[in-house]
$ cat final.txt   # compact mmCIF, C-alpha atoms
# COMPACT_ATOMS: atom_id res chain seq x y z
CA MET A 22 -5.62 -17.83 -5.96
CA VAL A 23 -8.03 -19.22 -3.37
CA THR A 24 -8.87 -22.87 -3.85
CA THR A 25 -12.11 -24.19 -2.41
CA THR A 26 -10.28 -27.08 -0.76
CA ALA A 27 -7.64 -24.89 0.92
CA LEU A 28 -10.26 -22.41 2.09
CA ALA A 29 -12.42 -25.16 3.56
CA ARG A 30 -9.43 -26.68 5.34
CA ALA A 31 -8.37 -23.30 6.71
CA ARG A 32 -11.87 -22.61 7.99
CA ALA A 33 -11.75 -25.97 9.72
CA GLY A 34 -8.65 -24.83 11.62
CA ASP A 35 -5.83 -26.06 9.36
CA GLY A 36 -2.96 -23.61 9.83
CA ASP A 37 -1.00 -24.97 6.88
CA ALA A 38 -3.95 -24.36 4.59
CA PHE A 39 -4.24 -20.79 5.88
CA ARG A 40 -0.56 -20.17 5.15
CA GLU A 41 -1.10 -21.63 1.70
CA LEU A 42 -3.76 -18.97 1.14
CA THR A 43 -1.86 -16.01 2.60
CA ASP A 44 1.91 -16.51 2.37
CA LEU A 45 1.97 -15.29 -1.22
CA TYR A 46 0.85 -11.83 -0.07
CA ARG A 47 2.93 -11.41 3.06
CA ARG A 48 5.77 -9.37 1.53
CA GLU A 49 3.53 -7.03 -0.42
CA LEU A 50 1.34 -6.49 2.65
CA GLN A 51 4.44 -5.48 4.60
CA LEU A 52 5.33 -2.99 1.88
CA HIS A 53 1.78 -1.63 1.92
CA CYS A 54 1.87 -1.14 5.69
CA TYR A 55 5.30 0.46 5.43
CA ARG A 56 3.99 3.06 3.01
CA ILE A 57 1.27 4.02 5.48
CA LEU A 58 3.34 3.80 8.68
CA GLY A 59 6.85 4.74 7.52
CA SER A 60 8.53 2.06 9.64
CA VAL A 61 9.61 -1.42 8.60
CA GLN A 62 9.21 -2.83 12.13
CA ASP A 63 5.76 -1.30 12.59
CA ALA A 64 4.80 -2.62 9.17
CA GLU A 65 5.82 -6.14 10.16
CA ASP A 66 3.77 -5.79 13.37
CA MET A 67 0.74 -4.78 11.29
CA VAL A 68 1.20 -7.76 8.97
CA GLN A 69 1.17 -10.05 11.99
CA GLU A 70 -2.01 -8.38 13.26
CA THR A 71 -3.55 -8.54 9.80
CA LEU A 72 -2.93 -12.26 9.43
CA LEU A 73 -4.19 -12.93 12.94
CA ALA A 74 -7.38 -10.97 12.22
CA ALA A 75 -7.80 -12.82 8.92
CA TRP A 76 -7.33 -16.19 10.64
CA ARG A 77 -9.92 -15.34 13.27
CA GLY A 78 -12.34 -13.86 10.76
CA LEU A 79 -11.95 -16.33 7.92
CA ASP A 80 -15.60 -17.31 8.20
CA ARG A 81 -16.47 -13.73 7.20
CA PHE A 82 -14.52 -13.94 3.95
CA GLU A 83 -17.37 -14.04 1.44
CA GLU A 84 -15.25 -14.40 -1.71
CA ARG A 85 -16.91 -11.39 -3.34
CA ALA A 86 -13.40 -9.93 -3.62
CA SER A 87 -10.10 -11.77 -3.93
CA MET A 88 -8.18 -13.00 -0.91
CA ARG A 89 -5.51 -10.40 -1.76
CA THR A 90 -8.01 -7.52 -1.69
CA TRP A 91 -9.57 -8.79 1.54
CA LEU A 92 -6.14 -8.89 3.20
CA TYR A 93 -5.34 -5.39 1.93
CA LYS A 94 -8.58 -4.14 3.43
CA ILE A 95 -7.73 -5.63 6.82
CA ALA A 96 -4.15 -4.33 6.68
CA THR A 97 -5.18 -0.81 5.67
CA ASN A 98 -7.68 -0.48 8.49
CA ARG A 99 -5.26 -1.98 11.02
CA CYS A 100 -2.72 0.66 10.04
CA LEU A 101 -5.29 3.44 10.35
CA ASN A 102 -6.35 2.15 13.76
CA ALA A 103 -2.71 2.10 14.91
CA LEU A 104 -2.17 5.67 13.76
CA ARG A 105 -5.38 6.83 15.39
CA ASP A 106 -4.70 5.02 18.66
CA THR A 107 -1.20 6.45 19.05
CA GLY A 108 -1.90 9.91 17.65
CA ARG A 109 1.07 9.42 15.38
CA ARG A 110 1.91 12.48 13.25
CA PRO A 111 4.98 13.58 11.26
CA GLN A 112 7.15 16.14 12.98
CA ARG A 113 6.50 19.64 11.61
CA ALA A 114 9.29 21.46 9.85
CA GLY A 115 11.09 23.81 12.18
CA GLU A 116 10.12 21.97 15.33
CA SER A 117 12.99 21.21 17.66
CA TRP A 118 13.40 19.26 20.86
CA PRO A 119 14.17 21.23 24.02
CA GLY A 120 17.63 20.60 25.36
CA GLY A 121 19.17 19.61 22.03
CA ALA A 122 19.18 15.97 20.93
CA ALA A 123 15.88 14.29 20.19
CA PRO A 124 14.94 11.23 22.24
CA GLU A 125 15.18 7.76 20.80
CA PRO A 126 11.96 6.67 19.07
CA THR A 127 9.66 4.33 20.93
CA ARG A 128 7.56 1.54 19.45
CA ARG A 129 4.89 3.02 17.18
CA ALA A 130 5.81 6.49 18.39
CA GLU A 131 6.17 9.38 15.99
CA PRO A 132 9.24 8.65 13.80
CA LEU A 133 11.94 11.29 13.98
CA TRP A 134 13.33 10.11 10.63
CA LEU A 135 11.94 8.06 7.81
CA GLU A 136 13.21 4.50 7.80
CA PRO A 137 14.18 3.37 4.28
CA TYR A 138 12.71 0.13 3.02
CA PRO A 139 15.52 -2.45 2.67
CA ASP A 140 16.49 -3.32 -0.89
CA THR A 141 16.75 -6.97 0.07
CA LEU A 142 13.04 -7.00 0.95
CA VAL A 143 12.11 -5.28 -2.30
CA ASP A 144 14.02 -7.92 -4.27
CA ASP A 145 11.97 -10.66 -2.57
CA LEU A 146 8.63 -9.17 -3.59
CA PRO A 147 6.47 -11.01 -6.13
CA ASP A 148 6.15 -9.36 -9.53
CA THR A 149 2.61 -8.10 -8.98
CA ALA A 150 1.57 -5.35 -11.39
CA PRO A 151 -0.48 -2.48 -9.96
CA GLY A 152 -3.99 -1.84 -11.19
CA PRO A 153 -4.60 0.17 -14.38
CA GLU A 154 -5.43 3.34 -12.40
CA ALA A 155 -2.06 3.51 -10.61
CA ARG A 156 -0.20 6.81 -11.09
CA TYR A 157 3.11 5.82 -9.50
CA GLU A 158 5.59 3.13 -10.46
CA ALA A 159 6.54 0.77 -7.64
CA ARG A 160 10.07 2.10 -7.02
CA GLU A 161 8.92 5.70 -7.35
CA ALA A 162 6.46 4.99 -4.52
CA LEU A 163 9.37 3.83 -2.33
CA ALA A 164 11.61 6.86 -2.92
CA LEU A 165 12.40 8.74 0.29
CA ALA A 166 11.07 12.03 -1.10
CA PHE A 167 7.75 10.39 -1.95
CA MET A 168 7.61 8.58 1.39
CA ALA A 169 8.39 11.77 3.32
CA GLY A 170 5.56 13.56 1.53
CA LEU A 171 3.24 10.64 2.13
CA GLN A 172 3.93 10.68 5.88
CA ARG A 173 2.88 14.35 6.07
CA LEU A 174 -0.62 13.53 4.82
CA PRO A 175 -3.43 12.84 7.30
CA PRO A 176 -3.74 9.05 7.75
CA ARG A 177 -6.94 8.57 5.75
CA GLN A 178 -5.70 10.66 2.85
CA ARG A 179 -2.46 8.67 2.97
CA ALA A 180 -4.34 5.37 2.81
CA VAL A 181 -6.60 6.53 -0.02
CA LEU A 182 -3.66 7.72 -2.10
CA VAL A 183 -1.78 4.44 -1.62
CA LEU A 184 -4.83 2.35 -2.52
CA ARG A 185 -5.71 4.43 -5.57
CA ASP A 186 -2.48 5.85 -6.97
CA VAL A 187 0.08 3.23 -5.90
CA LEU A 188 -1.93 0.01 -5.99
CA GLY A 189 -4.39 1.19 -8.64
CA TYR A 190 -7.65 0.10 -7.00
CA PRO A 191 -10.77 1.63 -8.60
CA ALA A 192 -12.57 4.34 -6.64
CA ALA A 193 -15.53 2.17 -5.66
CA GLN A 194 -13.32 -0.67 -4.45
CA ALA A 195 -11.05 1.65 -2.45
CA ALA A 196 -14.11 3.18 -0.80
CA GLU A 197 -15.42 -0.26 0.14
CA MET A 198 -12.05 -1.21 1.60
CA LEU A 199 -12.14 1.90 3.80
CA ASP A 200 -15.83 1.47 4.72
CA ALA A 201 -16.45 4.95 3.33
CA SER A 202 -18.54 6.54 0.60
CA GLU A 203 -17.07 6.91 -2.85
CA VAL A 204 -17.66 10.68 -2.67
CA SER A 205 -15.68 11.09 0.55
CA THR A 206 -12.94 8.79 -0.72
CA ASN A 207 -12.56 10.79 -3.95
CA SER A 208 -12.52 14.02 -1.97
CA ALA A 209 -9.74 12.72 0.28
CA LEU A 210 -7.81 11.57 -2.79
CA GLN A 211 -7.99 14.97 -4.45
CA ARG A 212 -6.72 16.70 -1.31
CA ALA A 213 -3.92 14.16 -0.94
CA ARG A 214 -2.86 14.56 -4.57
CA ALA A 215 -2.83 18.35 -4.29
CA THR A 216 -0.73 18.27 -1.11
CA LEU A 217 1.72 15.72 -2.47
CA SER A 218 2.09 17.52 -5.80
CA ALA A 219 2.92 20.74 -3.95
CA GLN A 220 5.64 18.91 -2.02
CA LEU A 221 6.99 17.08 -5.07
CA PRO A 222 6.50 19.52 -7.96
CA ALA A 223 9.19 18.03 -10.20
CA ALA A 224 7.82 14.50 -9.82
CA ALA A 225 4.29 15.76 -10.40
CA THR A 226 5.34 17.51 -13.62
CA ALA A 227 7.08 14.39 -14.90
CA ARG A 228 4.03 12.28 -14.04
CA ARG A 229 1.71 14.64 -15.92
CA ARG A 230 3.99 14.41 -18.95
CA ARG A 231 3.94 10.61 -18.80
CA ALA A 232 0.15 10.65 -18.48
CA HIS A 233 -0.13 12.98 -21.46
CA ARG A 234 2.11 10.77 -23.60
CA GLY A 235 0.14 7.72 -22.53
CA SER A 236 -3.15 9.39 -23.46
CA ALA A 237 -1.78 10.46 -26.86
CA ASN A 238 -0.58 6.95 -27.64
CA SER A 239 -3.48 4.99 -26.17
CA SER A 240 -5.10 4.46 -29.55
CA ALA A 241 -1.93 2.85 -30.88
CA GLY A 242 -1.72 0.06 -28.35
CA SER A 243 -2.37 -1.14 -24.84
CA TRP A 244 -0.25 -0.63 -21.77
CA THR A 245 1.71 -3.72 -20.80
CA ARG A 246 4.47 -4.29 -18.32
CA SER A 247 7.98 -5.24 -19.37
CA ARG A 248 8.77 -8.82 -18.49
CA ARG A 249 11.90 -8.12 -16.48
CA PRO A 250 10.85 -9.30 -12.99
CA THR A 251 11.95 -6.34 -10.89
CA TRP A 252 10.07 -3.62 -9.09
CA GLY A 253 12.01 -1.03 -11.03
CA SER A 254 10.61 -2.12 -14.37
CA SER A 255 8.64 0.44 -16.32
CA TRP A 256 5.41 0.51 -18.29
CA THR A 257 5.76 0.31 -22.06
CA CYS A 258 3.31 0.57 -24.90
CA SER A 259 2.92 -2.48 -27.10
CA PRO A 260 0.83 -3.01 -30.22
CA ALA A 261 -1.05 -5.85 -28.52
CA THR A 262 -4.77 -5.44 -28.14
CA ARG A 263 -6.71 -6.23 -25.02
CA GLY A 264 -8.25 -9.67 -24.94

$ encode --input "final.txt" --output "structure tokens"
Amino acid sequence: MVTTTALARARAGDGDAFRELTDLYRRELQLHCYRILGSVQDAEDMVQETLLAAWRGLDRFEERASMRTWLYKIATNRCLNALRDTGRRPQRAGESWPGGAAPEPTRRAEPLWLEPYPDTLVDDLPDTAPGPEARYEAREALALAFMAGLQRLPPRQRAVLVLRDVLGYPAAQAAEMLDASEVSTNSALQRARATLSAQLPAAATARRRRAHRGSANSSAGSWTRSRRPTWGSSWTCSPATRG
């Protein structure tokens, strides 16, 4: 949560106050960048660039959205810029390197394999529930099969799907974060979902079944998260009503 005092101090050049505002989100921003870039090291680089951009542009933070959402917007667009600048694309199936062995990857070059996200970093993440529109559970969205499919999407479709279906941002908010229209954002999301479902048919079928059960039971209670503080925890239906 942004406090007026900490924000004022940070805008006056107080680095400690800035860290007070942003340190809470550092790990989840790294995870977000990893989902878009597919590399832990590149994700960490993007977090550094995101925080530097936020520090330099703190006077433009208008508090219409939360600090967390503002940082996600910066991080998402930094990742898209990095992908666009390097022309980074997933290697197509069936492609091979002449002469046998593939060369070692270079910094921000096209990854020849998908780098798993370390379990130790996942364990350190804050227990932040995704938005109500999320379609994937947190650990499901870190599975290698999901990540491999994600990396085959065009960058903007990849970013839209992560914002909408992993983080659960509403359509209008995701569009604003991408500086795009809601129509174009929804169109990109539909294409991304169709492509990913074709690559992960079993997961898509299971997700549709979960969605159907959730819809059938929605009148009996509200969706709440189990209190076990891990990223593998599931969503359960409780008889509590929304306040």

$ residues_around --input "final.txt" --residues "Asp63 of chain A" --least-positions-apart "2" --cutoff "10 Å" --atoms "only C-alpha atoms" --output "compact mmCIF listing (two decimals) with C-alpha atoms, in the coordinates of the input"
# COMPACT_ATOMS: atom_id res chain seq x y z
CA GLN A 51 4.44 -5.48 4.60
CA CYS A 54 1.87 -1.14 5.69
CA TYR A 55 5.30 0.46 5.43
CA ILE A 57 1.27 4.02 5.48
CA LEU A 58 3.34 3.80 8.68
CA GLY A 59 6.85 4.74 7.52
CA SER A 60 8.53 2.06 9.64
CA VAL A 61 9.61 -1.42 8.60
CA GLU A 65 5.82 -6.14 10.16
CA ASP A 66 3.77 -5.79 13.37
CA MET A 67 0.74 -4.78 11.29
CA VAL A 68 1.20 -7.76 8.97
CA GLN A 69 1.17 -10.05 11.99
CA CYS A 100 -2.72 0.66 10.04
CA ALA A 103 -2.71 2.10 14.91
CA ARG A 128 7.56 1.54 19.45
CA ARG A 129 4.89 3.02 17.18
CA ALA A 130 5.81 6.49 18.39

$ residues_near_point --input "final.txt" --point "(-12.0, -1.8, -4.4)" --cutoff "12 Å" --atoms "only C-alpha atoms" --output "PyMOL selection string"
chain A and resi 85-87+89-94+152+154+181+184-185+188-203+206

$ atom_distance --input "final.txt" --atom1 "atom CA of Met88 of chain A" --atom2 "atom CA of Leu42 of chain A"
7.7 Å

$ atom_distance --input "final.txt" --atom1 "atom CA of Glu70 of chain A" --atom2 "atom CA of Phe39 of chain A"
14.6 Å

$ atom_distance --input "final.txt" --atom1 "atom CA of Leu165 of chain A" --atom2 "atom CA of Pro137 of chain A"
6.9 Å

$ residues_around --input "final.txt" --residues "Ala33 of chain A" --least-positions-apart "4" --cutoff "12 Å" --atoms "only C-alpha atoms" --output "JSON, numbers by chain"
{"A": [26, 27, 28, 29, 37, 38, 39, 76, 77, 79, 80]}

$ closest_residue --input "final.txt" --among "A:Asp44, A:Ile95, A:Arg56, A:Leu217" --to "Val183 of chain A" --atoms "all atoms listed in the file"
A:Arg56

$ closest_residue --input "final.txt" --among "A:Leu101, A:Ala31, A:Ala166, A:Val187" --to "Ala64 of chain A" --atoms "all atoms listed in the file"
A:Leu101

$ residues_around --input "final.txt" --residues "segment 207-209 of chain A" --least-positions-apart "2" --cutoff "8 Å" --atoms "all atoms listed in the file" --output "CSV table (one decimal) with C-alpha atoms, in the frame of the given file"
chain,number,residue,atom,x,y,z
A,177,ARG,CA,-6.9,8.6,5.8
A,178,GLN,CA,-5.7,10.7,2.8
A,181,VAL,CA,-6.6,6.5,0.0
A,192,ALA,CA,-12.6,4.3,-6.6
A,203,GLU,CA,-17.1,6.9,-2.8
A,204,VAL,CA,-17.7,10.7,-2.7
A,205,SER,CA,-15.7,11.1,0.6
A,211,GLN,CA,-8.0,15.0,-4.4
A,212,ARG,CA,-6.7,16.7,-1.3
A,213,ALA,CA,-3.9,14.2,-0.9

$ closest_residue --input "final.txt" --among "A:His53, A:Ala219, A:Asp106, A:Gly36" --to "Leu73 of chain A" --atoms "only C-alpha atoms"
A:Gly36

$ closest_residue --input "final.txt" --among "A:Gln220, A:Gln62, A:Phe167, A:Gly34" --to "Pro139 of chain A" --atoms "only C-alpha atoms"
A:Gln62

$ axis_aligned_box --input "final.txt" --around "segment 43-48 of chain A" --padding-each-side "4 Å" --output "lines of an AutoDock Vina configuration file"
center_x = 2.0
center_y = -12.9
center_z = 0.9
size_x = 15.6
size_y = 15.1
size_z = 12.3

$ build_atoms --input "final.txt" --residues "segment 193-205 of chain A" --atoms "N, CA, C and O atoms" --output "PDB file, in the coordinates of the input"
ATOM      1  N   ALA A 193     -14.490   2.874  -6.411  1.00  0.00           N
ATOM      2  CA  ALA A 193     -15.530   2.170  -5.660  1.00  0.00           C
ATOM      3  C   ALA A 193     -14.939   1.102  -4.753  1.00  0.00           C
ATOM      4  O   ALA A 193     -15.374   0.923  -3.610  1.00  0.00           O
ATOM      5  N   GLN A 194     -13.928   0.398  -5.240  1.00  0.00           N
ATOM      6  CA  GLN A 194     -13.320  -0.670  -4.450  1.00  0.00           C
ATOM      7  C   GLN A 194     -12.517  -0.094  -3.280  1.00  0.00           C
ATOM      8  O   GLN A 194     -12.561  -0.621  -2.166  1.00  0.00           O
ATOM      9  N   ALA A 195     -11.797   1.006  -3.525  1.00  0.00           N
ATOM     10  CA  ALA A 195     -11.050   1.650  -2.450  1.00  0.00           C
ATOM     11  C   ALA A 195     -11.995   2.151  -1.363  1.00  0.00           C
ATOM     12  O   ALA A 195     -11.713   2.024  -0.165  1.00  0.00           O
ATOM     13  N   ALA A 196     -13.127   2.697  -1.768  1.00  0.00           N
ATOM     14  CA  ALA A 196     -14.110   3.180  -0.800  1.00  0.00           C
ATOM     15  C   ALA A 196     -14.648   2.038   0.047  1.00  0.00           C
ATOM     16  O   ALA A 196     -14.801   2.168   1.270  1.00  0.00           O
ATOM     17  N   GLU A 197     -14.919   0.906  -0.606  1.00  0.00           N
ATOM     18  CA  GLU A 197     -15.420  -0.260   0.140  1.00  0.00           C
ATOM     19  C   GLU A 197     -14.373  -0.769   1.124  1.00  0.00           C
ATOM     20  O   GLU A 197     -14.702  -1.153   2.246  1.00  0.00           O
ATOM     21  N   MET A 198     -13.117  -0.744   0.727  1.00  0.00           N
ATOM     22  CA  MET A 198     -12.050  -1.210   1.600  1.00  0.00           C
ATOM     23  C   MET A 198     -11.899  -0.324   2.836  1.00  0.00           C
ATOM     24  O   MET A 198     -11.473  -0.777   3.898  1.00  0.00           O
ATOM     25  N   LEU A 199     -12.246   0.949   2.686  1.00  0.00           N
ATOM     26  CA  LEU A 199     -12.140   1.900   3.800  1.00  0.00           C
ATOM     27  C   LEU A 199     -13.462   2.090   4.534  1.00  0.00           C
ATOM     28  O   LEU A 199     -13.544   2.921   5.441  1.00  0.00           O
ATOM     29  N   ASP A 200     -14.495   1.331   4.122  1.00  0.00           N
ATOM     30  CA  ASP A 200     -15.830   1.470   4.720  1.00  0.00           C
ATOM     31  C   ASP A 200     -16.285   2.928   4.678  1.00  0.00           C
ATOM     32  O   ASP A 200     -16.781   3.494   5.656  1.00  0.00           O
ATOM     33  N   ALA A 201     -16.100   3.550   3.516  1.00  0.00           N
ATOM     34  CA  ALA A 201     -16.450   4.950   3.330  1.00  0.00           C
ATOM     35  C   ALA A 201     -17.235   5.104   2.030  1.00  0.00           C
ATOM     36  O   ALA A 201     -17.293   4.181   1.213  1.00  0.00           O
ATOM     37  N   SER A 202     -17.836   6.278   1.848  1.00  0.00           N
ATOM     38  CA  SER A 202     -18.540   6.540   0.600  1.00  0.00           C
ATOM     39  C   SER A 202     -17.539   6.852  -0.504  1.00  0.00           C
ATOM     40  O   SER A 202     -16.416   7.308  -0.243  1.00  0.00           O
ATOM     41  N   GLU A 203     -17.955   6.610  -1.730  1.00  0.00           N
ATOM     42  CA  GLU A 203     -17.070   6.910  -2.850  1.00  0.00           C
ATOM     43  C   GLU A 203     -16.808   8.414  -2.951  1.00  0.00           C
ATOM     44  O   GLU A 203     -15.704   8.844  -3.305  1.00  0.00           O
ATOM     45  N   VAL A 204     -17.818   9.223  -2.617  1.00  0.00           N
ATOM     46  CA  VAL A 204     -17.660  10.680  -2.670  1.00  0.00           C
ATOM     47  C   VAL A 204     -16.590  11.146  -1.685  1.00  0.00           C
ATOM     48  O   VAL A 204     -15.688  11.918  -2.032  1.00  0.00           O
ATOM     49  N   SER A 205     -16.654  10.661  -0.441  1.00  0.00           N
ATOM     50  CA  SER A 205     -15.680  11.090   0.550  1.00  0.00           C
ATOM     51  C   SER A 205     -14.284  10.550   0.224  1.00  0.00           C
ATOM     52  O   SER A 205     -13.270  11.223   0.469  1.00  0.00           O
TER      53      SER A 205
END
